[in-house]
Structures are given as C-alpha cells and as structure tokens.
Amino acid sequence: METKLWKTGEGMKEAAAALKKGEAVAFPTETVYGLGADATRETAVQKIFEAKGRPADNPLIVHIGDRSQLGSVASHWTETAEKCMDAFWPGPLTIIVPSNNQAASNVTAGLGTIGVRMPDHPVALDLLREVGLPVAAPSANSSGKPSPTTAQHVYQDLHGKIAGIVDGGRTGVGVESTVVDCTSDIPVILRPGGVTKEDLEQVFREVRVDPALLDTEEQPKSPGMKYRHYAPEVPLWLVEGDDQKFAALLDEYKRQGEKVGVIASRELAENLDHSPLIECGSRHDLTEVAGELYGALRAFNRSEVSLILCESFEETEVGAAVMNRLRKAADFTVS
Ligand code: TXA
Ligand code: MG
C-alpha cells in the first residue's frame with residue numbers, strides 16, 4: 001500500500017476522507033503521533049492492530065473532538081470523570097469510563113470500560129471534528145518501539161502499511177497521555193503521562209497510583225503496561241547514581257570494547273568527554289527531557305553503537321512518566 005504524506009491545510013480533507021472510508025491514518029497530537037481509525041468499525045480498527053503488530057488483548061483509546069461525543073462511547077460517568085474533563089481537556093489525559101458497547105469490540109479488548117481523550121492539538125482537533133466519529137488511536141509506532149514524535153518516525157515504522165500520515169511537525173509533550181481510571185470516587189493513575197500526579201492533586205484531595213506501577217509483580221490494570229515497550233534498536237542500560245558514577249561506568253564499558261552511545265542531560269553532557277552523545281535537555285526542566293526522550297531512544301542504531309547508557313531523572317512531575325518509559329525501555333538498571 002502506498003502511504004500518502006499529507007500536509008496540514010488541504011491534506012486534511014483527504015486524511016478525513018480516508019478515515020471515514022475505514023482506513024488507518026496517522027496524525028499528530030500534543031503527546032505523540034497517533035494511528036487512527038473509525039472506532040465504530042471493527043475492520044477499520046483491525047488495520048491498526050495489523051500495521052503496528054499490536055497484541056489483540058491491548059485495548060485502544062478513543063479520541064474525540066468535542067466533549068459531547070463522550071456519550072457516543074461511554075454509558076455513564078462519575079463526577080471524577082467530569083472533574084478530569086473540566087480541568088484537563090483538551091489535553092494529555094485519558095479517562096477510563098464504562099463503555100456503552102458502541103465502539104467496535106476490538107477497541108476495548110472485551111473490557112467493560114473504555115479509554116477516551118480529547119487531544120490538545122489543532123491538527124488533531126480539526127481532523128476529529130471533520131471526521132465527526134470517535135477515532136481509536138494508539139501511538140503510531142510499530143509495537144514495542146519508542147512512540148513517534150515526528151511524522152518521519154511514523155514513516156520509518158509504518159510506511160507501506162497505512163493509508164497516510166498527516167505531518168504536523170514535532171509533537172510537544174513528547175510522552176503519552178496519563179491514563180486515569182475514573183470509574184470510582186478516587187482517581188487512579190494507570191499510566192503516568194503528560195498530566196502529572198501533582199496536577200491531579202490540584203483538583204482531587206486524593207489521587208491513587210496503580211500498585212502495578214510501583215511493584216513489578218502486580219498485574220497492571222492497563223493491559224498495555226505489561227509489555228516491553230519503547231525499546232531502542234540497541235540494548236539500553238539505565239544508570240542510577242551521580243555523574244561520577246556515570247563517567248566511571250562509561251569508561252569501564254569502553255575499556256571492555258563496547259561502542260557506547262550516551263543519552264544524557266545537558267548538565268551530565270558537560271561533564272563527559274564522549275561521542276556519540278544525545279543531549280535531552282536540562283535535568284532541571286523535565287518537560288524538555290520528556291519532549292526529547294523518544295527521539296533520543298530512536299537516535300542510535302546497531303551499526304554505530306553496541307550499548308546505550310542513559311541517565312536517570314527525578315521522578316517528580318513529568319519525570320514520573322519519563323522514568324516509567326525508561327524502565328520499560330531498559331534491559332538493565334545499574335544502581
Ligand atoms: O498520548 C496518548 O495517549 C497517545 C496519543 C496518540 O493519544 N495514545 C496512546 O495510545 O498512547 P496507546 O494505545 O499506545 O496507549 C493506551 C494505553 C495502553 O496502555 C492501554 O493498555 C490503556 O491505555 N488502555 C486502553 N483502554 C483501557 C481500559 N479500558 N482500561 C485500562 N487501560 C486501558
Ligand atoms: Mg503506545
């Protein structure tokens with residue numbers, strides 16, 4: 001299949017038409033690029049799973065362009081959900097609510113609930129409003145790879161497998177939305193993301209975190225969280241410790257003959273005399289690190305390096321999402 005590359009503007013009509021016809025189309029959101037399809041048509045949704053190579057037991061989230069569309073996929077919702085929507089929509093927050101079974105069965109993977117979000121990106125919102133249907137959209141990467149933050153990343157993974165890509169430039173947040181179970185009075189974070197726990201605590205007296213996020217033995221409530229994810233082409237070792245320790249490890253692996261690629265903050269980079277090195281912003285500005293993360297994970301390939309050493313970041317604010325992704329991307333943590 002030829003994958004079309006659409007610019008925003010005129011290209012949007014064609015992208016919307018393809019979605020209405022039941023094709024899979026990639027588009028930018030404020031978090032990462034999504035691979036969308038009509039959430040009400042099983043055959044359309046199937047194309048997402050095939051293009052990504054995604055396991056069928058991992059449900060998709062549905063994107064809407066207007067809050068009034070929530071009732072098209074949800075049977076009812078709590079005040080918790082209302083408060084989340086009031087405070088964070090449009091934005092990087094997915095609410096889990098009871099499904100009304102109007103979405104195709106492969107969207108929800110047989111769960112009684114459905115994930116819904118209204119993205120905060122002009123291109124995504126234009127497209128969703130033009131299509132007028134709930135659009136199922138996981139991240140537009142091959143399953144297991146880092147999520148795409150540019151149209152080029154999507155093209156690398158999915159060209160020839162999907163109808164087209166709307167190129168809206170680089171996404172902003174850089175990590176995916178926060179998935180929040182809103183089925184009861186107390187919101188539960190199932191996946192950390194662009195809306196932070198601290199943000200939620202501005203709105204709710206109590207915010208819980210799915211124990212599976214803290215304890216690897218526990219079965220996660222968000223099925224996608226159990227898979228190895230975000231994996232670069234080369235083994236990645238996550239280093240916990242100070243800059244001296246990082247430098248010493250780097251020297252040691254180099255001595256052992258490894259061709260090491262480094263992912264580091266500007267502050268650490270200034271203390272290392274090493275190449276190749278990808279700088280991912282300041283360690284004191286975790287939003288910058290989040291924005292650079294997936295690009296950095298995609299930057300190294302097997303022909304250049306045999307091992308990636310990556311710095312750890314503080315787990316406050318969006319750093320919680322950054323570290324959640326890095327732990328899943330890492331083969332090993334050196335601490
Ligand atoms: O930022 C984002 O959320 C991006 C953009 C494209 O919107 N989308 C995204 O989708 O990251 P995906 O499919 O890669 O991740 C959705 C996550 C998965 O971990 C999935 O298991 C979980 O949400 N999920 C979906 N429906 C669920 C449900 N009913 N209950 C619990 N978790 C659910
Ligand atoms: Mg994903």
# chains A, B, ... in the order shown; residues from 1 in each chain; ligands from 1
>>> closest_atom_pairs(of="chain A", to="ligand 2", cutoff="12 Å", atoms="only C-alpha atoms and all ligand atoms", output="JSON lines")
{"residue": "A:Thr31", "atom": "CA", "partner": "ligand 2", "partner_atom_place_in_ligand_line": "1 (Mg)", "distance": 10.9}
{"residue": "A:Val32", "atom": "CA", "partner": "ligand 2", "partner_atom_place_in_ligand_line": "1 (Mg)", "distance": 9.0}
{"residue": "A:Tyr33", "atom": "CA", "partner": "ligand 2", "partner_atom_place_in_ligand_line": "1 (Mg)", "distance": 9.7}
{"residue": "A:Gly34", "atom": "CA", "partner": "ligand 2", "partner_atom_place_in_ligand_line": "1 (Mg)", "distance": 8.6}
{"residue": "A:Leu35", "atom": "CA", "partner": "ligand 2", "partner_atom_place_in_ligand_line": "1 (Mg)", "distance": 9.8}
{"residue": "A:Ile48", "atom": "CA", "partner": "ligand 2", "partner_atom_place_in_ligand_line": "1 (Mg)", "distance": 11.7}
{"residue": "A:Phe49", "atom": "CA", "partner": "ligand 2", "partner_atom_place_in_ligand_line": "1 (Mg)", "distance": 11.5}
{"residue": "A:Lys52", "atom": "CA", "partner": "ligand 2", "partner_atom_place_in_ligand_line": "1 (Mg)", "distance": 9.6}
{"residue": "A:Gly53", "atom": "CA", "partner": "ligand 2", "partner_atom_place_in_ligand_line": "1 (Mg)", "distance": 11.5}
{"residue": "A:Arg54", "atom": "CA", "partner": "ligand 2", "partner_atom_place_in_ligand_line": "1 (Mg)", "distance": 9.3}
{"residue": "A:Pro55", "atom": "CA", "partner": "ligand 2", "partner_atom_place_in_ligand_line": "1 (Mg)", "distance": 11.4}
{"residue": "A:Asn58", "atom": "CA", "partner": "ligand 2", "partner_atom_place_in_ligand_line": "1 (Mg)", "distance": 9.8}
{"residue": "A:Pro59", "atom": "CA", "partner": "ligand 2", "partner_atom_place_in_ligand_line": "1 (Mg)", "distance": 10.5}
{"residue": "A:Leu60", "atom": "CA", "partner": "ligand 2", "partner_atom_place_in_ligand_line": "1 (Mg)", "distance": 9.1}
{"residue": "A:Ile61", "atom": "CA", "partner": "ligand 2", "partner_atom_place_in_ligand_line": "1 (Mg)", "distance": 10.1}
{"residue": "A:Ala137", "atom": "CA", "partner": "ligand 2", "partner_atom_place_in_ligand_line": "1 (Mg)", "distance": 9.2}
{"residue": "A:Pro138", "atom": "CA", "partner": "ligand 2", "partner_atom_place_in_ligand_line": "1 (Mg)", "distance": 5.5}
{"residue": "A:Ser139", "atom": "CA", "partner": "ligand 2", "partner_atom_place_in_ligand_line": "1 (Mg)", "distance": 4.3}
{"residue": "A:Ala140", "atom": "CA", "partner": "ligand 2", "partner_atom_place_in_ligand_line": "1 (Mg)", "distance": 7.3}
{"residue": "A:Asn141", "atom": "CA", "partner": "ligand 2", "partner_atom_place_in_ligand_line": "1 (Mg)", "distance": 7.1}
{"residue": "A:Ser142", "atom": "CA", "partner": "ligand 2", "partner_atom_place_in_ligand_line": "1 (Mg)", "distance": 8.8}
{"residue": "A:Ser143", "atom": "CA", "partner": "ligand 2", "partner_atom_place_in_ligand_line": "1 (Mg)", "distance": 7.2}
{"residue": "A:Gly144", "atom": "CA", "partner": "ligand 2", "partner_atom_place_in_ligand_line": "1 (Mg)", "distance": 7.9}
{"residue": "A:Lys145", "atom": "CA", "partner": "ligand 2", "partner_atom_place_in_ligand_line": "1 (Mg)", "distance": 8.4}
{"residue": "A:Pro146", "atom": "CA", "partner": "ligand 2", "partner_atom_place_in_ligand_line": "1 (Mg)", "distance": 8.0}
{"residue": "A:Ser147", "atom": "CA", "partner": "ligand 2", "partner_atom_place_in_ligand_line": "1 (Mg)", "distance": 6.1}
{"residue": "A:Pro148", "atom": "CA", "partner": "ligand 2", "partner_atom_place_in_ligand_line": "1 (Mg)", "distance": 9.1}
{"residue": "A:Thr149", "atom": "CA", "partner": "ligand 2", "partner_atom_place_in_ligand_line": "1 (Mg)", "distance": 11.7}
{"residue": "A:Val175", "atom": "CA", "partner": "ligand 2", "partner_atom_place_in_ligand_line": "1 (Mg)", "distance": 9.7}
{"residue": "A:Glu176", "atom": "CA", "partner": "ligand 2", "partner_atom_place_in_ligand_line": "1 (Mg)", "distance": 7.6}
{"residue": "A:Ser177", "atom": "CA", "partner": "ligand 2", "partner_atom_place_in_ligand_line": "1 (Mg)", "distance": 9.9}
{"residue": "A:Thr178", "atom": "CA", "partner": "ligand 2", "partner_atom_place_in_ligand_line": "1 (Mg)", "distance": 11.9}
{"residue": "A:Val179", "atom": "CA", "partner": "ligand 2", "partner_atom_place_in_ligand_line": "1 (Mg)", "distance": 11.8}
{"residue": "A:Arg191", "atom": "CA", "partner": "ligand 2", "partner_atom_place_in_ligand_line": "1 (Mg)", "distance": 11.0}
{"residue": "A:Gly193", "atom": "CA", "partner": "ligand 2", "partner_atom_place_in_ligand_line": "1 (Mg)", "distance": 11.7}
{"residue": "A:Ser222", "atom": "CA", "partner": "ligand 2", "partner_atom_place_in_ligand_line": "1 (Mg)", "distance": 11.7}
{"residue": "A:Pro223", "atom": "CA", "partner": "ligand 2", "partner_atom_place_in_ligand_line": "1 (Mg)", "distance": 11.2}
{"residue": "A:Gly224", "atom": "CA", "partner": "ligand 2", "partner_atom_place_in_ligand_line": "1 (Mg)", "distance": 7.6}
{"residue": "A:Met225", "atom": "CA", "partner": "ligand 2", "partner_atom_place_in_ligand_line": "1 (Mg)", "distance": 9.3}
{"residue": "A:Lys226", "atom": "CA", "partner": "ligand 2", "partner_atom_place_in_ligand_line": "1 (Mg)", "distance": 11.8}
{"residue": "A:Tyr227", "atom": "CA", "partner": "ligand 2", "partner_atom_place_in_ligand_line": "1 (Mg)", "distance": 10.1}
{"residue": "A:Arg228", "atom": "CA", "partner": "ligand 2", "partner_atom_place_in_ligand_line": "1 (Mg)", "distance": 10.7}
{"residue": "A:His229", "atom": "CA", "partner": "ligand 2", "partner_atom_place_in_ligand_line": "1 (Mg)", "distance": 7.9}
{"residue": "A:Tyr230", "atom": "CA", "partner": "ligand 2", "partner_atom_place_in_ligand_line": "1 (Mg)", "distance": 8.1}
{"residue": "A:Ala231", "atom": "CA", "partner": "ligand 2", "partner_atom_place_in_ligand_line": "1 (Mg)", "distance": 11.5}
{"residue": "A:Tyr294", "atom": "CA", "partner": "ligand 2", "partner_atom_place_in_ligand_line": "1 (Mg)", "distance": 11.6}
{"residue": "A:Arg325", "atom": "CA", "partner": "ligand 2", "partner_atom_place_in_ligand_line": "1 (Mg)", "distance": 10.5}
{"residue": "A:Lys328", "atom": "CA", "partner": "ligand 2", "partner_atom_place_in_ligand_line": "1 (Mg)", "distance": 11.9}
>>> select_by_dssp(residues="range 5-221 of chain A", states="helix (DSSP H, G or I)", output="number ranges by chain")
A: 11-20, 42-52, 67-72, 79-88, 105-108, 122-131, 151-158, 197-201, 211-214
>>> closest_residue(among="A:Ile308, A:Val135, A:Ala24, A:Val318", to="Glu50 in chain A", atoms="only C-alpha atoms")
A:Ala24
>>> closest_residue(among="A:Asn101, A:Ser335, A:Gln202, A:Asn301", to="ligand 1", atoms="only C-alpha atoms and all ligand atoms")
A:Asn101
>>> closest_residue(among="A:Phe313, A:Trp6, A:Trp89, A:Phe27", to="ligand 1", atoms="only C-alpha atoms and all ligand atoms")
A:Phe27
>>> closest_residue(among="A:Ala56, A:Val262, A:Pro220, A:Val289", to="Pro276 in chain A", atoms="only C-alpha atoms")
A:Val262
>>> closest_residue(among="A:Gln156, A:Asn106, A:Thr43, A:Ser282", to="ligand 1", atoms="only C-alpha atoms and all ligand atoms")
A:Asn106
>>> select_by_dssp(residues="range 24-231 of chain A", states="strand (DSSP E)", output="ChimeraX atom specification")
/A:25-27,34-38,61-63,93-98,113-117,135-136,164-167,178-181,188-191,208-209
>>> closest_residue(among="A:Met12, A:Ala103, A:Ala329, A:Leu133", to="Glu42 in chain A", atoms="only C-alpha atoms")
A:Ala103
